[in-house]
Amino acid sequence: MLFLASILVACQEEKVNPNSNLTLDVFSTLKTPAYFVNTTHVVEQLDELVRQDKGALPIDRYVRSYYGNHNPLLWIDYHGADHRADSLLAWIEGAEREGFSGKMLRRKQIADDLHRLRTLNLDDADNDINHLTARLEYNLTRAFLRYCSVEQYGFLRPADVYNRICVKDSDSVRVTYQRVFDIPVEQLGESFFHRALDKISHDSVAVFLREVQPKSQLYALLCDRLAIDTLTREQRLLTLCNMERCRWREKEKAERYKKYVVVNIPAFKLYAVDGDSTLEMRVGCGTVKTKTPLLTSKIMRMDINPQWILPKSIAKGIVHSTGYMHRNHMFVADRKLGRLDASQASYTKIMNGEQHIVQEGGPGNSLGRIIFRFENNFSVFLHDTNSPGFFTRDSRAVSHGCVRIQRPFDFAVFLLADKDADLVERLRYSMTANINGRGEEGSKDSVDRSRLVHQLKVEPEVPLFITYYTLYPDADGTLRQYPDVYGYDKAIIRQLTPYI
């Protein structure tokens, strides 16, 4: 009874609440300066990061512009940084496999700052919450856009590299360069920047990181090669150089077609691909002085026994060599007077375009017995040759820019969509008949002209890619190394060095 009575008395006693007189001012004393987010201070820190950022990649100016204009934060809110930051960090931690340096992506700083934020390992110096928020936000965006833009477009703009290598002319005022690259490629622009930011906002970071990866088989082979621990520094740089080429997004890609032709200049090889079959042959390309340009086009027709209109660079050297021109069955084509004898060639008229020196078609013609034509800005073509002996050489940089092919008849048959037996035989006859009575057995009069083929359209047109890879797979998929014939690797590596 006494126990129960004591409980009842205790219940009736009023308890005093020690916190009843607390005010907001009391809570302010609990505030830790290192944890207090001040939006104004975050913006100030972002402004400072923009000023300090001297990055020279094309995407860097978009990053500076975004934060310089005080746009909203993308990665961090009052809940901290979520799994999107983790996805990016995981991806860039493996980016060295593709040649990215951790320094270029500020990988260690991002990892350290994420850990600090999540463990509240803060202080009153450069690691207070405002410094940390600004730095982590800026570096996440910078790393994300750098990685994605490079995978999508490469570190370098190919035209800016290739078309500033070969000096054409120079004086005290300016330098002009030989144009050697004419491949349309996708360019980085605002649309990519806004699309990338949209991926961050809509939680599609990991998806976008996968989307931008180069998809070619060659790129995968090069990544595997880069992972080899025993590569020398030179081998590593060679690999990175060719990986950069794979990142340039050409608007026309061989992978889109079942039937196409690739000429790889360093390999001095032509690959004519039709589904699972490949016709491979040796080629000769331009000399170091008269480089074969890099381009994409479509082979539209073949001319059999073509005449050769000599370029001015050659014609001016033989304009007074009448005997030489006669021996090589050349004549003068005058705009006003028509066909003239070689003796009537005029240096002045040759140079101003009123006359051309022309070599007749047939045996002995410098273009050989067939030429394959495609639209381009350089007046270069694929063609046969009257000097096939050079195909036995390893280095075959011999032409004035055109590509000479080893097996022209086989290539012509490859291009035909309808390989009609009679047409193929007429093509063979046309490429061997002694149509002008010189250089081969028989006489001009014995030619059955009803069987001659002078021109064939390539229908449908076959895509052509003239490329430059010093690491390229052979028929069984094994990477082979080829000489840097034109010195393009050196120019690319020199500009890549700050990023790798």
# chains A, B, ... in the order shown; residues from 1 in each chain; ligands from 1
$ residues_around --residues "A:Arg61" --least-positions-apart "6" --cutoff "12 Å" --atoms "only C-alpha atoms" --output "number ranges by chain"
A: 50-51, 53-55, 67-68, 142, 145-146, 188-190, 193
$ write_last_selection --atoms "N, CA, C and O atoms" --output "PDB file, in the first residue's frame"
ATOM      1  N   VAL A  50      36.505  29.405 -61.955  1.00  0.00           N
ATOM      2  CA  VAL A  50      36.423  29.784 -63.371  1.00  0.00           C
ATOM      3  C   VAL A  50      37.651  30.596 -63.762  1.00  0.00           C
ATOM      4  O   VAL A  50      38.261  30.372 -64.820  1.00  0.00           O
ATOM      5  N   ARG A  51      38.039  31.539 -62.920  1.00  0.00           N
ATOM      6  CA  ARG A  51      39.215  32.371 -63.223  1.00  0.00           C
ATOM      7  C   ARG A  51      40.487  31.545 -63.276  1.00  0.00           C
ATOM      8  O   ARG A  51      41.385  31.802 -64.081  1.00  0.00           O
ATOM      9  N   ASP A  53      40.765  28.334 -64.044  1.00  0.00           N
ATOM     10  CA  ASP A  53      40.733  27.239 -65.022  1.00  0.00           C
ATOM     11  C   ASP A  53      41.296  27.703 -66.369  1.00  0.00           C
ATOM     12  O   ASP A  53      40.689  28.514 -67.065  1.00  0.00           O
ATOM     13  N   LYS A  54      42.462  27.201 -66.729  1.00  0.00           N
ATOM     14  CA  LYS A  54      43.110  27.549 -67.998  1.00  0.00           C
ATOM     15  C   LYS A  54      43.010  26.403 -69.011  1.00  0.00           C
ATOM     16  O   LYS A  54      43.775  26.350 -69.971  1.00  0.00           O
ATOM     17  N   GLY A  55      42.081  25.479 -68.789  1.00  0.00           N
ATOM     18  CA  GLY A  55      41.943  24.331 -69.672  1.00  0.00           C
ATOM     19  C   GLY A  55      41.754  24.732 -71.120  1.00  0.00           C
ATOM     20  O   GLY A  55      40.994  25.657 -71.427  1.00  0.00           O
ATOM     21  N   TYR A  67      29.334  28.113 -65.291  1.00  0.00           N
ATOM     22  CA  TYR A  67      29.461  28.564 -63.907  1.00  0.00           C
ATOM     23  C   TYR A  67      29.743  30.055 -63.814  1.00  0.00           C
ATOM     24  O   TYR A  67      29.376  30.709 -62.831  1.00  0.00           O
ATOM     25  N   GLY A  68      30.358  30.614 -64.856  1.00  0.00           N
ATOM     26  CA  GLY A  68      30.589  32.057 -64.861  1.00  0.00           C
ATOM     27  C   GLY A  68      29.286  32.843 -64.928  1.00  0.00           C
ATOM     28  O   GLY A  68      29.214  33.995 -64.468  1.00  0.00           O
ATOM     29  N   ARG A 142      33.367  19.324 -64.874  1.00  0.00           N
ATOM     30  CA  ARG A 142      34.541  19.402 -65.757  1.00  0.00           C
ATOM     31  C   ARG A 142      34.990  18.004 -66.183  1.00  0.00           C
ATOM     32  O   ARG A 142      35.257  17.755 -67.368  1.00  0.00           O
ATOM     33  N   LEU A 145      32.241  16.338 -68.584  1.00  0.00           N
ATOM     34  CA  LEU A 145      32.210  16.905 -69.934  1.00  0.00           C
ATOM     35  C   LEU A 145      33.517  16.656 -70.681  1.00  0.00           C
ATOM     36  O   LEU A 145      33.513  16.427 -71.893  1.00  0.00           O
ATOM     37  N   ARG A 146      34.626  16.706 -69.990  1.00  0.00           N
ATOM     38  CA  ARG A 146      35.902  16.401 -70.647  1.00  0.00           C
ATOM     39  C   ARG A 146      35.915  14.960 -71.157  1.00  0.00           C
ATOM     40  O   ARG A 146      36.243  14.695 -72.323  1.00  0.00           O
ATOM     41  N   LEU A 188      32.187  19.341 -82.059  1.00  0.00           N
ATOM     42  CA  LEU A 188      31.631  19.698 -80.757  1.00  0.00           C
ATOM     43  C   LEU A 188      30.933  21.040 -80.852  1.00  0.00           C
ATOM     44  O   LEU A 188      31.457  21.986 -81.429  1.00  0.00           O
ATOM     45  N   GLY A 189      29.730  21.119 -80.265  1.00  0.00           N
ATOM     46  CA  GLY A 189      28.995  22.375 -80.275  1.00  0.00           C
ATOM     47  C   GLY A 189      28.064  22.471 -79.078  1.00  0.00           C
ATOM     48  O   GLY A 189      28.066  21.611 -78.196  1.00  0.00           O
ATOM     49  N   GLU A 190      27.260  23.515 -79.066  1.00  0.00           N
ATOM     50  CA  GLU A 190      26.368  23.745 -77.933  1.00  0.00           C
ATOM     51  C   GLU A 190      25.355  22.633 -77.762  1.00  0.00           C
ATOM     52  O   GLU A 190      24.938  22.331 -76.642  1.00  0.00           O
ATOM     53  N   PHE A 193      26.773  20.043 -75.556  1.00  0.00           N
ATOM     54  CA  PHE A 193      26.886  20.553 -74.195  1.00  0.00           C
ATOM     55  C   PHE A 193      25.536  20.488 -73.467  1.00  0.00           C
ATOM     56  O   PHE A 193      25.442  19.972 -72.351  1.00  0.00           O
TER      57      PHE A 193
END
$ select_by_dssp --residues "stretch 244-295 of chain A" --states "strand (DSSP E)" --output "ChimeraX atom specification"
/A:259-264,269-274,277-286,294-295
$ residues_around --residues "A:Asp448" --least-positions-apart "5" --cutoff "12 Å" --atoms "only C-alpha atoms" --output "VMD selection string"
chain A and resid 426 429 to 430 432 to 435 442 to 443 453
$ residues_around --residues "stretch 149-151 of chain A" --least-positions-apart "6" --cutoff "7 Å" --atoms "only C-alpha atoms" --output "JSON, numbers by chain"
{"A": [59, 212, 213, 214, 247]}
$ write_last_selection --atoms "C-alpha atoms" --output "PDB file, in the first residue's frame"
ATOM      1  CA  ILE A  59      34.627  21.776 -73.934  1.00  0.00           C
ATOM      2  CA  VAL A 212      29.734   8.163 -76.134  1.00  0.00           C
ATOM      3  CA  GLN A 213      32.199   5.269 -76.321  1.00  0.00           C
ATOM      4  CA  PRO A 214      33.731   4.698 -79.778  1.00  0.00           C
ATOM      5  CA  ARG A 247      37.521   8.990 -81.731  1.00  0.00           C
TER       6      ARG A 247
END
$ residues_around --residues "A:Tyr469" --least-positions-apart "2" --cutoff "7 Å" --atoms "only C-alpha atoms" --output "number ranges by chain"
A: 242, 264, 266, 467, 471-472
$ closest_residue --among "A:Arg233, A:Arg449, A:Arg282, A:His83" --to "A:Gln406" --atoms "only C-alpha atoms"
A:Arg282
$ atom_distance --atom1 "atom CA of A:Glu44" --atom2 "atom CA of A:Arg135"
11.2 Å
$ closest_residue --among "A:Tyr499, A:Tyr488, A:Phe378, A:Tyr271" --to "A:Thr290" --atoms "only C-alpha atoms"
A:Phe378
$ select_by_dssp --residues "stretch 76-289 of chain A" --states "helix (DSSP H, G or I)" --output "number ranges by chain"
A: 83-93, 95-98, 102-105, 107-119, 129-153, 158-162, 190-201, 205-211, 217-226, 233-247, 254-256
$ closest_atom_pairs --of "stretch 148-178 of chain A" --to "stretch 250-260 of chain A" --cutoff "12 Å" --atoms "only C-alpha atoms" --output "tab-separated table"
residue	atom	partner	partner_atom	distance
A:Gln152	CA	A:Glu250	CA	10.8
A:Tyr153	CA	A:Glu250	CA	9.4
A:Gly154	CA	A:Glu250	CA	11.3
A:Arg157	CA	A:Glu250	CA	11.6
A:Pro158	CA	A:Glu250	CA	10.4
A:Ala159	CA	A:Glu250	CA	11.8
$ atom_distance --atom1 "atom CA of A:Leu132" --atom2 "atom CA of A:Ala81"
11.5 Å
$ residues_around --residues "A:Leu122" --least-positions-apart "3" --cutoff "10 Å" --atoms "only C-alpha atoms" --output "VMD selection string"
chain A and resid 33 to 35 113 116 to 119 125 to 129 131 to 132
$ write_last_selection --atoms "N, CA, C and O atoms" --output "PDB file, in the first residue's frame"
ATOM      1  N   PRO A  33      30.827  26.511 -37.986  1.00  0.00           N
ATOM      2  CA  PRO A  33      31.099  27.288 -39.196  1.00  0.00           C
ATOM      3  C   PRO A  33      31.507  26.421 -40.396  1.00  0.00           C
ATOM      4  O   PRO A  33      31.140  26.704 -41.528  1.00  0.00           O
ATOM      5  N   ALA A  34      32.267  25.375 -40.142  1.00  0.00           N
ATOM      6  CA  ALA A  34      32.747  24.536 -41.244  1.00  0.00           C
ATOM      7  C   ALA A  34      31.609  23.826 -41.969  1.00  0.00           C
ATOM      8  O   ALA A  34      31.746  23.436 -43.128  1.00  0.00           O
ATOM      9  N   TYR A  35      30.455  23.655 -41.300  1.00  0.00           N
ATOM     10  CA  TYR A  35      29.324  22.932 -41.891  1.00  0.00           C
ATOM     11  C   TYR A  35      28.259  23.862 -42.476  1.00  0.00           C
ATOM     12  O   TYR A  35      27.297  23.397 -43.073  1.00  0.00           O
ATOM     13  N   ASP A 113      37.290  14.636 -52.185  1.00  0.00           N
ATOM     14  CA  ASP A 113      36.235  15.575 -51.787  1.00  0.00           C
ATOM     15  C   ASP A 113      34.908  14.872 -51.532  1.00  0.00           C
ATOM     16  O   ASP A 113      34.147  15.275 -50.636  1.00  0.00           O
ATOM     17  N   ARG A 116      35.263  13.498 -48.076  1.00  0.00           N
ATOM     18  CA  ARG A 116      35.168  14.564 -47.077  1.00  0.00           C
ATOM     19  C   ARG A 116      33.719  14.985 -46.857  1.00  0.00           C
ATOM     20  O   ARG A 116      33.268  15.181 -45.726  1.00  0.00           O
ATOM     21  N   LEU A 117      32.993  15.143 -47.968  1.00  0.00           N
ATOM     22  CA  LEU A 117      31.608  15.595 -47.859  1.00  0.00           C
ATOM     23  C   LEU A 117      30.761  14.586 -47.088  1.00  0.00           C
ATOM     24  O   LEU A 117      29.926  14.969 -46.258  1.00  0.00           O
ATOM     25  N   ARG A 118      30.980  13.330 -47.357  1.00  0.00           N
ATOM     26  CA  ARG A 118      30.125  12.304 -46.765  1.00  0.00           C
ATOM     27  C   ARG A 118      30.520  11.944 -45.330  1.00  0.00           C
ATOM     28  O   ARG A 118      29.719  11.393 -44.588  1.00  0.00           O
ATOM     29  N   THR A 119      31.741  12.253 -44.964  1.00  0.00           N
ATOM     30  CA  THR A 119      32.166  11.991 -43.581  1.00  0.00           C
ATOM     31  C   THR A 119      32.231  13.276 -42.761  1.00  0.00           C
ATOM     32  O   THR A 119      32.609  13.240 -41.587  1.00  0.00           O
ATOM     33  N   ALA A 125      39.373  26.052 -43.238  1.00  0.00           N
ATOM     34  CA  ALA A 125      40.269  26.546 -44.286  1.00  0.00           C
ATOM     35  C   ALA A 125      39.677  26.225 -45.662  1.00  0.00           C
ATOM     36  O   ALA A 125      38.496  26.434 -45.908  1.00  0.00           O
ATOM     37  N   ASP A 126      40.500  25.678 -46.583  1.00  0.00           N
ATOM     38  CA  ASP A 126      40.035  25.396 -47.936  1.00  0.00           C
ATOM     39  C   ASP A 126      39.062  24.226 -47.993  1.00  0.00           C
ATOM     40  O   ASP A 126      38.512  23.938 -49.049  1.00  0.00           O
ATOM     41  N   ASN A 127      38.880  23.542 -46.883  1.00  0.00           N
ATOM     42  CA  ASN A 127      37.973  22.410 -46.864  1.00  0.00           C
ATOM     43  C   ASN A 127      36.702  22.692 -46.051  1.00  0.00           C
ATOM     44  O   ASN A 127      36.056  21.781 -45.565  1.00  0.00           O
ATOM     45  N   ASP A 128      36.356  23.989 -45.948  1.00  0.00           N
ATOM     46  CA  ASP A 128      35.058  24.258 -45.338  1.00  0.00           C
ATOM     47  C   ASP A 128      33.976  23.883 -46.351  1.00  0.00           C
ATOM     48  O   ASP A 128      34.260  23.596 -47.509  1.00  0.00           O
ATOM     49  N   ILE A 129      32.746  23.884 -45.919  1.00  0.00           N
ATOM     50  CA  ILE A 129      31.671  23.363 -46.757  1.00  0.00           C
ATOM     51  C   ILE A 129      31.483  24.160 -48.043  1.00  0.00           C
ATOM     52  O   ILE A 129      31.131  23.608 -49.082  1.00  0.00           O
ATOM     53  N   HIS A 131      33.899  25.985 -49.783  1.00  0.00           N
ATOM     54  CA  HIS A 131      34.985  25.630 -50.701  1.00  0.00           C
ATOM     55  C   HIS A 131      34.747  24.240 -51.289  1.00  0.00           C
ATOM     56  O   HIS A 131      34.890  24.016 -52.501  1.00  0.00           O
ATOM     57  N   LEU A 132      34.404  23.321 -50.420  1.00  0.00           N
ATOM     58  CA  LEU A 132      34.246  21.929 -50.841  1.00  0.00           C
ATOM     59  C   LEU A 132      33.099  21.775 -51.835  1.00  0.00           C
ATOM     60  O   LEU A 132      33.233  21.093 -52.859  1.00  0.00           O
TER      61      LEU A 132
END
$ residues_around --residues "A:Gln455" --least-positions-apart "5" --cutoff "8 Å" --atoms "only C-alpha atoms" --output "list in words"
Arg301, Met302, Asp303 and Ile304 of chain A
$ atom_distance --atom1 "atom CA of A:Phe414" --atom2 "atom CA of A:Cys246"
27.1 Å
